[in-house]
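S.K.: Quick one, start15.cif (mmCIF, C-alpha atoms):
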```
data_coords
loop_
_atom_site.label_atom_id
_atom_site.label_comp_id
_atom_site.auth_asym_id
_atom_site.auth_seq_id
_atom_site.Cartn_x
_atom_site.Cartn_y
_atom_site.Cartn_z
CA MET A 1 -38.77 -48.84 -43.82
CA THR A 2 -36.59 -48.07 -40.81
CA THR A 3 -34.24 -50.57 -39.20
CA PRO A 4 -34.24 -51.34 -35.46
CA LEU A 5 -30.95 -49.44 -35.14
CA GLN A 6 -32.50 -46.40 -36.83
CA ARG A 7 -35.47 -46.56 -34.52
CA MET A 8 -33.23 -46.86 -31.48
CA CYS A 9 -31.14 -43.92 -32.69
CA LEU A 10 -34.27 -41.87 -33.25
CA ARG A 11 -35.31 -42.63 -29.68
CA VAL A 12 -31.96 -41.99 -28.07
CA LEU A 13 -30.72 -38.97 -30.08
CA PRO A 14 -33.34 -36.49 -28.71
CA ILE A 15 -32.47 -37.66 -25.20
CA TRP A 16 -28.76 -37.13 -25.78
CA ILE A 17 -29.42 -33.71 -27.28
CA ARG A 18 -31.44 -32.76 -24.21
CA HIS A 19 -28.62 -34.01 -21.97
CA ILE A 20 -26.10 -31.95 -23.91
CA GLU A 21 -28.28 -28.83 -23.72
CA SER A 22 -28.76 -29.44 -20.02
CA VAL A 23 -24.99 -29.66 -19.50
CA ARG A 24 -24.47 -26.49 -21.56
CA ALA A 25 -27.07 -24.63 -19.54
CA GLN A 26 -25.67 -25.84 -16.22
CA THR A 27 -22.06 -24.95 -17.05
CA GLU A 28 -23.16 -21.56 -18.39
CA GLN A 29 -25.09 -20.83 -15.20
CA ALA A 30 -22.29 -22.12 -12.98
CA ALA A 31 -19.64 -20.14 -14.86
CA GLN A 32 -21.73 -16.98 -14.67
CA ALA A 33 -22.30 -17.50 -10.95
CA LEU A 34 -18.58 -18.09 -10.39
CA ILE A 35 -17.62 -15.03 -12.41
CA THR A 36 -20.14 -12.89 -10.54
CA ARG A 37 -18.93 -14.16 -7.17
CA PHE A 38 -15.26 -13.77 -8.00
CA THR A 39 -15.91 -10.29 -9.35
CA ARG A 40 -17.77 -9.33 -6.17
CA LEU A 41 -15.05 -10.96 -4.07
CA SER A 42 -12.40 -8.95 -5.85
CA GLU A 43 -14.44 -5.74 -5.48
CA THR A 44 -15.08 -6.45 -1.78
CA ILE A 45 -11.39 -7.06 -1.14
CA ASP A 46 -10.53 -3.89 -3.05
CA LEU A 47 -13.02 -1.87 -0.98
CA ALA A 48 -11.79 -3.41 2.29
CA VAL A 49 -8.16 -2.77 1.44
CA GLU A 50 -8.91 0.78 0.30
CA GLU A 51 -10.72 1.42 3.58
CA LEU A 52 -7.84 -0.05 5.59
CA VAL A 53 -5.32 1.95 3.60
CA ARG A 54 -7.41 5.13 4.08
CA ARG A 55 -7.63 4.58 7.86
CA SER A 56 -3.97 3.67 8.03
CA HIS A 57 -3.11 6.84 6.13
CA GLU A 58 -5.18 8.89 8.58
CA GLN A 59 -3.48 7.21 11.53
CA ARG A 60 -0.07 7.83 9.99
CA SER A 61 -0.92 11.50 9.52
CA GLN A 62 -2.10 11.76 13.13
CA LEU A 63 0.98 9.91 14.39
CA SER A 64 3.30 12.08 12.31
CA GLU A 65 1.62 15.20 13.66
CA LEU A 66 1.83 13.83 17.21
CA LEU A 67 5.46 12.86 16.66
CA GLY A 68 6.35 16.35 15.44
CA HIS A 69 4.48 17.93 18.35
CA SER A 70 6.06 15.59 20.94
CA ASP A 71 9.50 16.06 19.41
CA ALA A 72 9.22 19.84 19.72
CA GLN A 73 7.85 19.71 23.27
CA LEU A 74 10.42 17.22 24.53
CA HIS A 75 13.28 19.18 23.02
CA GLU A 76 11.91 22.37 24.55
CA LEU A 77 11.72 20.59 27.92
CA LEU A 78 15.26 19.27 27.58
CA ALA A 79 16.51 22.71 26.56
CA GLY A 80 14.92 24.11 29.75
CA LEU A 81 16.59 21.41 31.85
CA HIS A 82 19.97 22.09 30.22
CA GLN A 83 19.52 25.82 30.85
CA ALA A 84 18.72 25.14 34.54
CA GLN A 85 21.82 22.95 34.69
CA HIS A 86 23.98 25.78 33.30
CA GLU A 87 22.53 28.17 35.87
CA ARG A 88 23.29 25.73 38.70
CA ASP A 89 26.85 25.37 37.38
CA ALA A 90 27.19 29.18 37.43
CA THR A 91 25.89 29.36 41.01
CA PHE A 92 28.32 26.64 42.03
CA ALA A 93 31.18 28.59 40.46
CA GLU A 94 30.12 31.64 42.47
CA VAL A 95 30.10 29.58 45.69
CA LEU A 96 33.65 28.38 44.93
CA GLU A 97 34.73 31.95 44.32
CA LEU A 98 33.13 33.04 47.61
CA ARG A 99 34.97 30.20 49.35
CA GLY A 100 38.22 31.60 47.97
CA ARG A 101 37.38 35.08 49.29
CA THR A 102 36.73 33.79 52.83
CA GLU A 103 40.33 32.59 52.91
CA ALA A 104 41.54 36.07 52.00
CA MET A 105 39.30 37.55 54.68
CA ARG A 106 40.64 35.06 57.23
CA ARG A 107 44.20 36.14 56.37
CA THR A 108 43.15 39.79 56.81
CA ALA A 109 41.77 38.96 60.28
CA GLN A 110 45.09 37.28 61.13
CA GLU A 111 46.89 40.41 60.03
CA VAL A 112 44.63 42.51 62.28
CA ILE A 113 45.59 40.22 65.22
CA THR A 114 49.29 40.61 64.39
CA VAL A 115 48.99 44.41 64.18
CA ALA A 116 47.08 44.41 67.49
CA GLY A 117 49.90 42.37 69.13
CA GLN A 118 52.57 44.75 67.85
CA THR A 119 50.48 47.75 68.97
CA LYS A 120 50.18 46.18 72.41
CA LEU A 121 53.99 45.79 72.61
CA LEU A 122 54.38 49.34 71.43
CA SER A 123 51.97 50.60 74.15
CA LEU A 124 53.96 48.65 76.83
CA ASN A 125 57.19 50.30 75.69
CA ALA A 126 55.44 53.67 75.73
CA THR A 127 54.28 53.01 79.33
CA ILE A 128 57.86 52.19 80.41
CA GLU A 129 59.11 55.36 78.74
CA ALA A 130 56.33 57.35 80.47
CA VAL A 131 57.42 55.95 83.88
CA HIS A 132 60.99 57.06 83.16
CA ALA A 133 59.73 60.53 82.45
CA ALA A 134 58.07 60.71 85.99
CA ASP A 135 55.63 63.55 86.32
CA TYR A 136 56.23 64.70 82.74
CA GLY A 137 55.26 61.30 81.46
CA ARG A 138 51.97 60.85 83.32
CA GLY A 139 49.80 62.12 80.51
CA PHE A 140 51.73 60.00 78.03
CA GLU A 141 51.22 56.94 80.29
CA VAL A 142 47.45 57.46 80.14
CA VAL A 143 47.58 57.53 76.31
CA ALA A 144 49.79 54.42 76.28
CA ARG A 145 47.28 52.61 78.48
CA GLU A 146 44.41 53.55 76.15
CA VAL A 147 46.42 52.40 73.13
CA ARG A 148 47.03 49.03 74.86
CA ALA A 149 43.33 48.73 75.62
CA LEU A 150 42.52 49.44 71.93
CA ALA A 151 45.17 46.88 70.86
CA LEU A 152 43.53 44.27 73.09
CA ARG A 153 40.07 45.05 71.61
CA ALA A 154 41.53 44.93 68.09
CA ASN A 155 43.15 41.59 68.88
CA SER A 156 39.85 40.24 70.23
CA ALA A 157 37.92 41.52 67.18
CA GLY A 158 40.49 40.01 64.83
CA GLN A 159 40.25 36.73 66.71
CA ARG A 160 36.43 36.68 66.44
CA LEU A 161 36.53 37.66 62.76
CA GLY A 162 38.99 34.86 62.07
CA ASP A 163 36.79 32.34 63.90
CA GLU A 164 33.68 33.55 61.99
CA MET A 165 35.49 33.29 58.65
CA GLN A 166 36.63 29.78 59.60
CA THR A 167 33.01 28.80 60.28
CA VAL A 168 31.82 30.43 57.02
CA ALA A 169 34.59 28.64 55.11
CA GLN A 170 33.63 25.27 56.62
CA THR A 171 29.95 25.90 55.84
CA LEU A 172 30.83 26.88 52.26
CA ASP A 173 33.04 23.78 51.91
CA THR A 174 30.16 21.55 52.99
CA ALA A 175 27.71 23.38 50.69
CA ALA A 176 30.15 23.16 47.76
CA ARG A 177 30.66 19.41 48.30
CA GLN A 178 26.91 18.78 48.44
CA ALA A 179 26.30 21.03 45.42
CA ASP A 180 29.02 19.21 43.47
CA GLN A 181 27.45 15.81 44.26
CA ARG A 182 23.98 17.12 43.34
CA LEU A 183 25.26 18.60 40.08
CA ALA A 184 26.89 15.28 39.17
CA ARG A 185 23.59 13.49 39.81
CA ASP A 186 21.70 16.14 37.82
CA ARG A 187 24.08 15.73 34.89
CA GLU A 188 23.55 11.96 35.04
CA VAL A 189 19.74 12.35 35.10
CA LEU A 190 19.85 14.89 32.28
CA ASN A 191 22.01 12.62 30.13
CA GLY A 192 19.55 9.78 30.85
CA ALA A 193 16.62 12.04 29.88
CA ASP A 194 18.41 12.92 26.62
CA GLN A 195 18.98 9.24 25.86
CA ILE A 196 15.43 8.17 26.76
CA THR A 197 13.92 10.99 24.72
CA HIS A 198 16.05 10.07 21.72
CA THR A 199 15.15 6.37 22.07
CA LEU A 200 11.42 7.07 22.48
CA LEU A 201 11.28 9.39 19.48
CA SER A 202 13.26 6.89 17.37
CA GLU A 203 10.91 4.04 18.34
CA PHE A 204 7.89 6.22 17.66
CA ARG A 205 9.30 7.16 14.27
CA ALA A 206 10.05 3.50 13.50
CA ALA A 207 6.47 2.55 14.46
CA THR A 208 5.11 5.20 12.08
CA GLU A 209 7.34 3.93 9.29
CA ALA A 210 6.29 0.34 10.04
CA LEU A 211 2.68 1.45 9.64
CA ALA A 212 3.57 2.90 6.25
CA GLY A 213 5.21 -0.40 5.34
CA ALA A 214 2.11 -2.33 6.40
CA THR A 215 -0.01 -0.08 4.16
CA GLY A 216 2.28 -0.88 1.24
CA ASN A 217 1.96 -4.60 2.01
CA LEU A 218 -1.82 -4.31 2.02
CA ARG A 219 -1.75 -2.72 -1.43
CA ASP A 220 0.55 -5.50 -2.67
CA ILE A 221 -1.81 -8.15 -1.30
CA SER A 222 -4.77 -6.42 -2.91
CA THR A 223 -2.96 -6.30 -6.25
CA ARG A 224 -2.01 -9.99 -5.98
CA VAL A 225 -5.61 -10.97 -5.13
CA ARG A 226 -6.92 -8.91 -8.06
CA THR A 227 -4.43 -10.59 -10.38
CA GLU A 228 -5.36 -14.04 -9.06
CA VAL A 229 -9.07 -13.34 -9.49
CA ALA A 230 -8.47 -12.02 -13.01
CA GLU A 231 -6.58 -15.22 -13.85
CA VAL A 232 -9.40 -17.34 -12.42
CA LEU A 233 -11.92 -15.45 -14.53
CA VAL A 234 -9.77 -15.88 -17.62
CA ALA A 235 -9.52 -19.61 -16.88
CA LEU A 236 -13.32 -19.72 -16.79
CA GLN A 237 -13.31 -18.96 -20.53
CA PHE A 238 -13.19 -22.73 -20.95
CA GLN A 239 -16.96 -22.63 -20.53
CA ASP A 240 -17.41 -20.63 -23.74
CA ARG A 241 -15.34 -23.10 -25.72
CA THR A 242 -17.01 -26.21 -24.29
CA SER A 243 -20.40 -24.61 -24.83
CA GLN A 244 -19.62 -24.01 -28.50
CA ILE A 245 -18.33 -27.57 -28.95
CA LEU A 246 -21.45 -28.99 -27.28
CA ALA A 247 -23.67 -26.71 -29.39
CA HIS A 248 -22.09 -28.04 -32.57
CA LEU A 249 -22.44 -31.59 -31.31
CA SER A 250 -26.08 -31.01 -30.49
CA GLU A 251 -26.70 -29.43 -33.90
CA SER A 252 -24.97 -32.36 -35.62
CA MET A 253 -27.11 -34.85 -33.72
CA GLU A 254 -30.28 -32.98 -34.71
CA GLN A 255 -29.20 -33.18 -38.37
CA LEU A 256 -28.45 -36.90 -37.97
CA GLN A 257 -31.84 -37.38 -36.38
CA THR A 258 -33.48 -35.75 -39.40
CA LEU A 259 -31.54 -37.97 -41.79
CA LEU A 260 -32.34 -41.13 -39.82
CA GLY A 261 -36.03 -40.21 -39.68
CA ALA A 262 -36.41 -40.27 -43.49
CA GLU A 263 -38.61 -42.96 -44.99
CA ALA A 264 -35.66 -44.42 -46.87
CA LEU A 265 -32.18 -44.19 -45.45
CA ASP A 266 -30.14 -42.02 -47.83
CA GLU A 267 -26.59 -43.27 -47.42
CA LEU A 268 -25.19 -40.60 -49.70
CA ALA A 269 -26.81 -37.90 -47.59
CA LEU A 270 -25.36 -39.53 -44.47
CA THR A 271 -21.86 -39.54 -46.01
CA ARG A 272 -22.22 -35.86 -47.00
CA TRP A 273 -23.39 -35.09 -43.47
CA PHE A 274 -20.37 -36.87 -42.00
CA ASP A 275 -17.91 -35.22 -44.38
CA ALA A 276 -19.36 -31.78 -43.62
CA ARG A 277 -18.75 -32.14 -39.87
CA GLU A 278 -15.19 -30.86 -39.99
CA ALA A 279 -16.17 -27.73 -41.88
CA THR A 280 -18.53 -26.72 -39.07
CA TYR A 281 -15.84 -26.74 -36.37
CA THR A 282 -14.80 -23.43 -34.95
CA THR A 283 -12.10 -24.39 -32.47
CA ALA A 284 -8.68 -25.84 -33.17
CA GLU A 285 -9.20 -28.61 -30.63
CA GLN A 286 -12.40 -29.75 -32.43
CA ARG A 287 -10.38 -30.28 -35.60
CA ILE A 288 -7.56 -32.00 -33.72
CA THR A 289 -10.01 -34.26 -31.83
CA HIS A 290 -11.78 -35.11 -35.10
CA ASP A 291 -8.54 -36.45 -36.59
CA ARG A 292 -7.29 -38.32 -33.53
CA ASP A 293 -8.46 -41.69 -32.26
CA ASP A 294 -6.85 -41.54 -28.83
CA ALA A 295 -8.76 -40.25 -25.85
CA GLN A 296 -6.43 -37.45 -24.85
CA THR A 297 -7.90 -33.97 -24.91
CA PRO A 298 -5.76 -31.46 -26.81
CA ALA A 299 -4.91 -28.19 -25.14
CA ALA A 300 -6.86 -25.12 -26.18
CA ALA A 301 -4.98 -22.59 -28.28
CA ASP A 302 -3.95 -19.48 -26.34
CA GLY A 303 -5.04 -16.00 -27.26
CA GLU A 304 -3.00 -15.27 -30.36
CA ILE A 305 -3.60 -11.86 -31.89
CA THR A 306 -3.48 -10.97 -35.56
CA PHE A 307 -3.60 -7.30 -36.51
CA PHE A 308 -4.95 -6.40 -39.97
CA MET B 1 -13.09 10.63 -19.19
CA ALA B 2 -12.79 6.87 -19.59
CA LYS B 3 -12.95 5.39 -23.08
CA SER B 4 -16.08 3.40 -23.89
CA ILE B 5 -15.96 -0.07 -25.40
CA LEU B 6 -18.86 -2.11 -26.81
CA ILE B 7 -18.62 -5.86 -26.07
CA ILE B 8 -20.67 -8.19 -28.27
CA ASP B 9 -20.84 -11.89 -27.35
CA ASP B 10 -23.70 -14.36 -26.97
CA SER B 11 -21.98 -15.91 -23.94
CA ALA B 12 -22.86 -13.95 -20.81
CA SER B 13 -19.83 -15.35 -18.99
CA MET B 14 -17.50 -14.19 -21.77
CA ARG B 15 -19.05 -10.72 -21.71
CA GLN B 16 -18.48 -10.62 -17.94
CA VAL B 17 -14.84 -11.70 -18.24
CA VAL B 18 -14.07 -9.19 -21.00
CA ALA B 19 -15.92 -6.42 -19.15
CA MET B 20 -14.06 -7.11 -15.92
CA THR B 21 -10.72 -7.11 -17.73
CA LEU B 22 -11.49 -3.76 -19.37
CA ASN B 23 -13.11 -2.19 -16.31
CA ASN B 24 -10.07 -3.07 -14.20
CA ALA B 25 -7.93 -1.28 -16.79
CA GLY B 26 -10.09 1.84 -16.52
CA TYR B 27 -12.39 1.47 -19.55
CA ASP B 28 -16.17 1.87 -19.53
CA THR B 29 -18.06 -1.00 -21.14
CA VAL B 30 -21.44 -1.60 -22.77
CA GLU B 31 -22.60 -5.17 -23.45
CA ALA B 32 -24.69 -6.68 -26.25
CA CYS B 33 -25.70 -10.34 -26.55
CA ASP B 34 -25.44 -10.58 -30.37
CA GLY B 35 -24.98 -8.48 -33.52
CA GLU B 36 -28.65 -7.49 -33.66
CA ASP B 37 -28.61 -6.33 -30.05
CA ALA B 38 -25.35 -4.43 -30.66
CA LEU B 39 -26.81 -2.53 -33.64
CA GLY B 40 -29.50 -1.30 -31.27
CA LYS B 41 -26.79 0.17 -29.04
CA LEU B 42 -25.39 2.29 -31.88
CA ASP B 43 -27.69 5.16 -31.01
CA GLY B 44 -25.27 8.06 -31.39
CA ARG B 45 -23.14 7.52 -28.33
CA LYS B 46 -19.41 7.31 -28.92
CA PHE B 47 -17.58 4.00 -28.75
CA HIS B 48 -13.80 4.12 -28.90
CA LEU B 49 -13.62 0.45 -29.90
CA MET B 50 -15.80 -2.66 -30.30
CA ILE B 51 -14.93 -6.23 -29.32
CA CYS B 52 -17.07 -8.75 -31.17
CA ASP B 53 -17.52 -12.54 -31.16
CA VAL B 54 -17.98 -14.30 -34.54
CA ASN B 55 -20.45 -17.11 -33.96
CA MET B 56 -23.66 -15.65 -32.55
CA PRO B 57 -27.40 -16.15 -33.16
CA ARG B 58 -29.57 -13.70 -35.14
CA LEU B 59 -26.70 -11.59 -36.51
CA ASP B 60 -23.16 -13.03 -36.36
CA GLY B 61 -19.95 -11.08 -35.89
CA LEU B 62 -19.01 -10.76 -39.56
CA GLY B 63 -22.54 -9.54 -40.41
CA PHE B 64 -22.32 -7.03 -37.58
CA VAL B 65 -18.99 -5.66 -38.85
CA ARG B 66 -20.47 -5.23 -42.32
CA ALA B 67 -23.42 -3.35 -40.84
CA VAL B 68 -21.12 -1.08 -38.81
CA LYS B 69 -19.01 -0.27 -41.87
CA ASP B 70 -22.21 0.82 -43.64
CA ASN B 71 -23.05 3.16 -40.75
CA PRO B 72 -21.45 6.59 -41.43
CA GLN B 73 -21.38 7.44 -37.73
CA TYR B 74 -19.47 4.29 -36.70
CA LYS B 75 -17.63 3.19 -39.84
CA PHE B 76 -14.28 4.37 -38.43
CA THR B 77 -14.73 2.73 -35.02
CA PRO B 78 -12.13 -0.07 -34.81
CA ILE B 79 -13.49 -3.58 -34.27
CA VAL B 80 -11.53 -6.44 -32.68
CA MET B 81 -12.89 -9.93 -33.32
CA LEU B 82 -12.68 -12.16 -30.21
CA THR B 83 -13.52 -15.71 -31.18
CA THR B 84 -12.74 -19.41 -30.86
CA GLU B 85 -12.32 -19.46 -34.64
CA ALA B 86 -8.61 -19.93 -35.37
CA GLY B 87 -8.82 -20.83 -39.09
CA ASP B 88 -7.06 -18.63 -41.61
CA ASP B 89 -10.10 -18.53 -43.91
CA LYS B 90 -12.24 -17.04 -41.15
CA LYS B 91 -9.54 -14.54 -40.30
CA ALA B 92 -9.38 -13.54 -43.95
CA GLN B 93 -13.14 -13.01 -43.92
CA GLY B 94 -12.78 -10.81 -40.85
CA GLN B 95 -10.10 -8.74 -42.51
CA ALA B 96 -12.20 -8.48 -45.67
CA VAL B 97 -15.22 -7.06 -43.86
CA GLY B 98 -13.12 -4.48 -42.05
CA ALA B 99 -12.10 -5.89 -38.64
CA ARG B 100 -8.81 -4.45 -37.31
CA ALA B 101 -7.61 -7.44 -35.25
CA TRP B 102 -8.40 -11.10 -34.62
CA VAL B 103 -7.98 -12.51 -31.09
CA VAL B 104 -8.42 -16.23 -30.49
CA LYS B 105 -10.17 -17.28 -27.27
CA PRO B 106 -9.17 -17.94 -24.57
CA PHE B 107 -7.58 -14.51 -24.48
CA GLN B 108 -4.84 -13.34 -22.12
CA PRO B 109 -5.81 -10.01 -20.50
CA PRO B 110 -2.45 -8.27 -21.17
CA GLN B 111 -2.64 -9.17 -24.86
CA LEU B 112 -6.23 -8.02 -25.21
CA LEU B 113 -5.49 -4.80 -23.33
CA ALA B 114 -2.45 -4.16 -25.54
CA ALA B 115 -4.64 -4.55 -28.64
CA VAL B 116 -7.30 -2.26 -27.17
CA ALA B 117 -4.73 0.38 -26.23
CA LYS B 118 -3.22 0.20 -29.71
CA LEU B 119 -6.47 0.44 -31.66
CA ALA B 120 -8.92 2.48 -29.54
CA LEU B 121 -9.87 5.89 -30.93
CA PRO B 122 -8.38 8.87 -29.08
#
```
Would you mind writing the file out in structure tokens?

M.R.:
Amino acid sequence: MTTPLQRMCLRVLPIWIRHIESVRAQTEQAAQALITRFTRLSETIDLAVEELVRRSHEQRSQLSELLGHSDAQLHELLAGLHQAQHERDATFAEVLELRGRTEAMRRTAQEVITVAGQTKLLSLNATIEAVHAADYGRGFEVVAREVRALALRANSAGQRLGDEMQTVAQTLDTAARQADQRLARDREVLNGADQITHTLLSEFRAATEALAGATGNLRDISTRVRTEVAEVLVALQFQDRTSQILAHLSESMEQLQTLLGAEALDELALTRWFDAREATYTTAEQRITHDRDDAQTPAAADGEITFF
Amino acid sequence: MAKSILIIDDSASMRQVVAMTLNNAGYDTVEACDGEDALGKLDGRKFHLMICDVNMPRLDGLGFVRAVKDNPQYKFTPIVMLTTEAGDDKKAQGQAVGARAWVVKPFQPPQLLAAVAKLALP
């Protein structure tokens, strides 16, 4: 003869068992779905990062190659400009030397004028002496006249040469001044080109190194994400423990249902069933919960390892 | 070539977590849903180590270890028990049947990997 409480228990226990099994199934499915998604997420991130790192590596290689090529070309260009500068300096030095020689030539022309003047005086004295010699000096007078004429031509030539050398000297002075100003500007431009080239190559090199740094950061992020995902997956182990606890609970309720369904309630069998509960527990928290009457949930034991 | 590890657990989510941990560390994995299923996987291929749950339907972990120790081809393959069972009596049973280590769930990946690295066959 069953009591009303027994009958109610017999009605409600199968329902509770079904609820428990439903919860177990749902958490199992949800945990599996989460694990699958997190695993895929981790794999997708890994693939994306690997692809980015691969592309970045390619770009770095191309940039390094370009940098090396540009470096060589720019330095070759600058070497050519410096060479041209040296050649201009040499030409300028030659112009200055030529300017110095025009001065010497001008002095030579002055000397020619002086000699012509003295020759002229000498020819005048010779003419006077020829006059004193009367008929005997007529031939000598003709020679003295010719010498004076030559002295005058020499004086005129020396004068013209001096004027020409003066003009050449002035022209060379002007050319030298302009060349000096141009060379100063060229040196300034060349120094600027050196500086700009150095700055550009340094910035280019820094950009390449920054790209390498960004690649390293990507790898770090990927590693951190993988670690986070691994920790999430490890945390999802709770499902296995709760599933086992619910399975034991469900099994215990089935046994209780069997005992309550007997024709005569066997109290001794019920006591044995109750006492045997603890022996069926597998987790530490089941045993702790069994002995405690407060509602706090004990923490699960962490993964201790025993080697045999 | 990567070392191969057989994972035996009736919880699909646990098998996934263990497999992911091992795969990320460079191991190959094969999964079985209980002891009976795992015995079917012992078809001559080499396993460098086995990781086995204790409480499983059909054939439990301790029964599986006994069966492996009776198999001449696999008797020297180390077996790590990975279980929620933390009681000393159960651990003693595991040691008695021939398991090499006992890891209590939830496991920490570095600890599990250290055990695997220590025990796996060369």

S.K.: Can you pull out every residue within 12 Å of stretch 67-78 of chain B, counting all atoms listed in the file, but drop anything in the same chain fewer than 6 positions away, and send it as number ranges by chain?

M.R.: A: 307-308; B: 4-6, 35-36, 38-52, 59-61, 95-102, 115-122

S.K.: What are the residues of chain B that have an atom within 8 Å of an atom of chain A, counting only C-alpha atoms, as a ChimeraX atom specification?

M.R.: /B:11-14,16-17,20-21,84-87,95,99-109,111

S.K.: Work out how far apart atom CA of A:Leu260 and atom CA of A:Leu5 are and give it in Å to one decimal.

M.R.: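 Atom CA of A:Leu5 lies 9.6 Å from atom CA of A:Leu260.
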
S.K.: Determine, counting only C-alpha atoms, which protein, DNA and RNA residues have an atom within 8 Å of an atom of A:Ala247; residues of the same chain fewer than 5 positions away are not included. Present the result as a PyMOL selection string.

M.R.: chain A and resi 20-21+24

S.K.: Please produce a file of those selected residues containing C-alpha atoms, as a compact mmCIF listing (two decimals), in the coordinates of the input.

M.R.:
```txt
# COMPACT_ATOMS: atom_id res chain seq x y z
CA ILE A 20 -26.10 -31.95 -23.91
CA GLU A 21 -28.28 -28.83 -23.72
CA ARG A 24 -24.47 -26.49 -21.56
```

S.K.: Any idea what's packed within 12 Å of stretch 131-147 of chain A, counting all atoms listed in the file, ignoring anything in its chain fewer than 5 positions away? Could you give it as a list of chain:residue names?

M.R.: A:Ala116, A:Gly117, A:Gln118, A:Thr119, A:Lys120, A:Leu121, A:Leu122, A:Ser123, A:Leu124, A:Asn125, A:Ala126, A:Leu152, A:Arg153, A:Ala154

S.K.: Please indicate the distance in Å from atom CA of A:Thr102 to atom CA of A:Thr174, rounded to one decimal place.

M.R.: 13.9 Å

S.K.: Please determine, counting all atoms listed in the file, which residue among A:Leu190, A:Leu52, A:Ala214, A:Leu13 has the shortest atom-to-atom distance to A:Gly80.

M.R.: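 Going through A:Leu190, A:Leu52, A:Ala214, A:Leu13 one by one, the smallest distance to A:Gly80 is for A:Leu190.
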
S.K.: For a test of reading the model, state the distance in Å between atom CA of A:Glu164 and atom CA of A:Ala151, rounded to one decimal.

M.R.: 19.7 Å

S.K.: Which one is closest to A:Ser42: A:Leu259, A:Leu81, A:Val229, A:Leu268? Count all atoms listed in the file.

M.R.: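 Closest to A:Ser42, using all atoms listed in the file: A:Val229.
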
S.K.: Give me, as a PDB file with C-alpha atoms, in the coordinates of the input, all polymer residues having an atom no more than 9 Å from A:Leu218, counting only C-alpha atoms and skipping those fewer than 4 positions away in the same chain.

M.R.:
```
ATOM      1  CA  VAL A  49      -8.160  -2.770   1.440  1.00  0.00           C
ATOM      2  CA  GLU A  50      -8.910   0.780   0.300  1.00  0.00           C
ATOM      3  CA  LEU A  52      -7.840  -0.050   5.590  1.00  0.00           C
ATOM      4  CA  VAL A  53      -5.320   1.950   3.600  1.00  0.00           C
ATOM      5  CA  GLY A 213       5.210  -0.400   5.340  1.00  0.00           C
ATOM      6  CA  ALA A 214       2.110  -2.330   6.400  1.00  0.00           C
ATOM      7  CA  SER A 222      -4.770  -6.420  -2.910  1.00  0.00           C
ATOM      8  CA  THR A 223      -2.960  -6.300  -6.250  1.00  0.00           C
TER       9      THR A 223
END
```

S.K.: A:Ala169, A:Leu77, A:Leu249, A:Asp275: which is nearest A:Arg99, counting all atoms listed in the file?

M.R.: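 Of the candidates, the smallest distance to A:Arg99 is held by A:Ala169.
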
S.K.: For A:Glu103, which residue out of A:Ile288, A:Leu161, A:Met8, A:Val189 is the nearest one, using only C-alpha atoms?

M.R.: A:Leu161

S.K.: My list of candidates is B:Thr29, B:Asp34, B:Gly94, B:Val54. Which is closest to B:Leu82 when distances are computed with only C-alpha atoms?

M.R.: B:Val54

S.K.: So which one's closest to B:Asp10, B:Arg66, B:Leu112, B:Val80, B:Pro57? Using only C-alpha atoms, please.

M.R.: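 Looking only at the distances to B:Asp10, the closest residue turns out to be B:Pro57.
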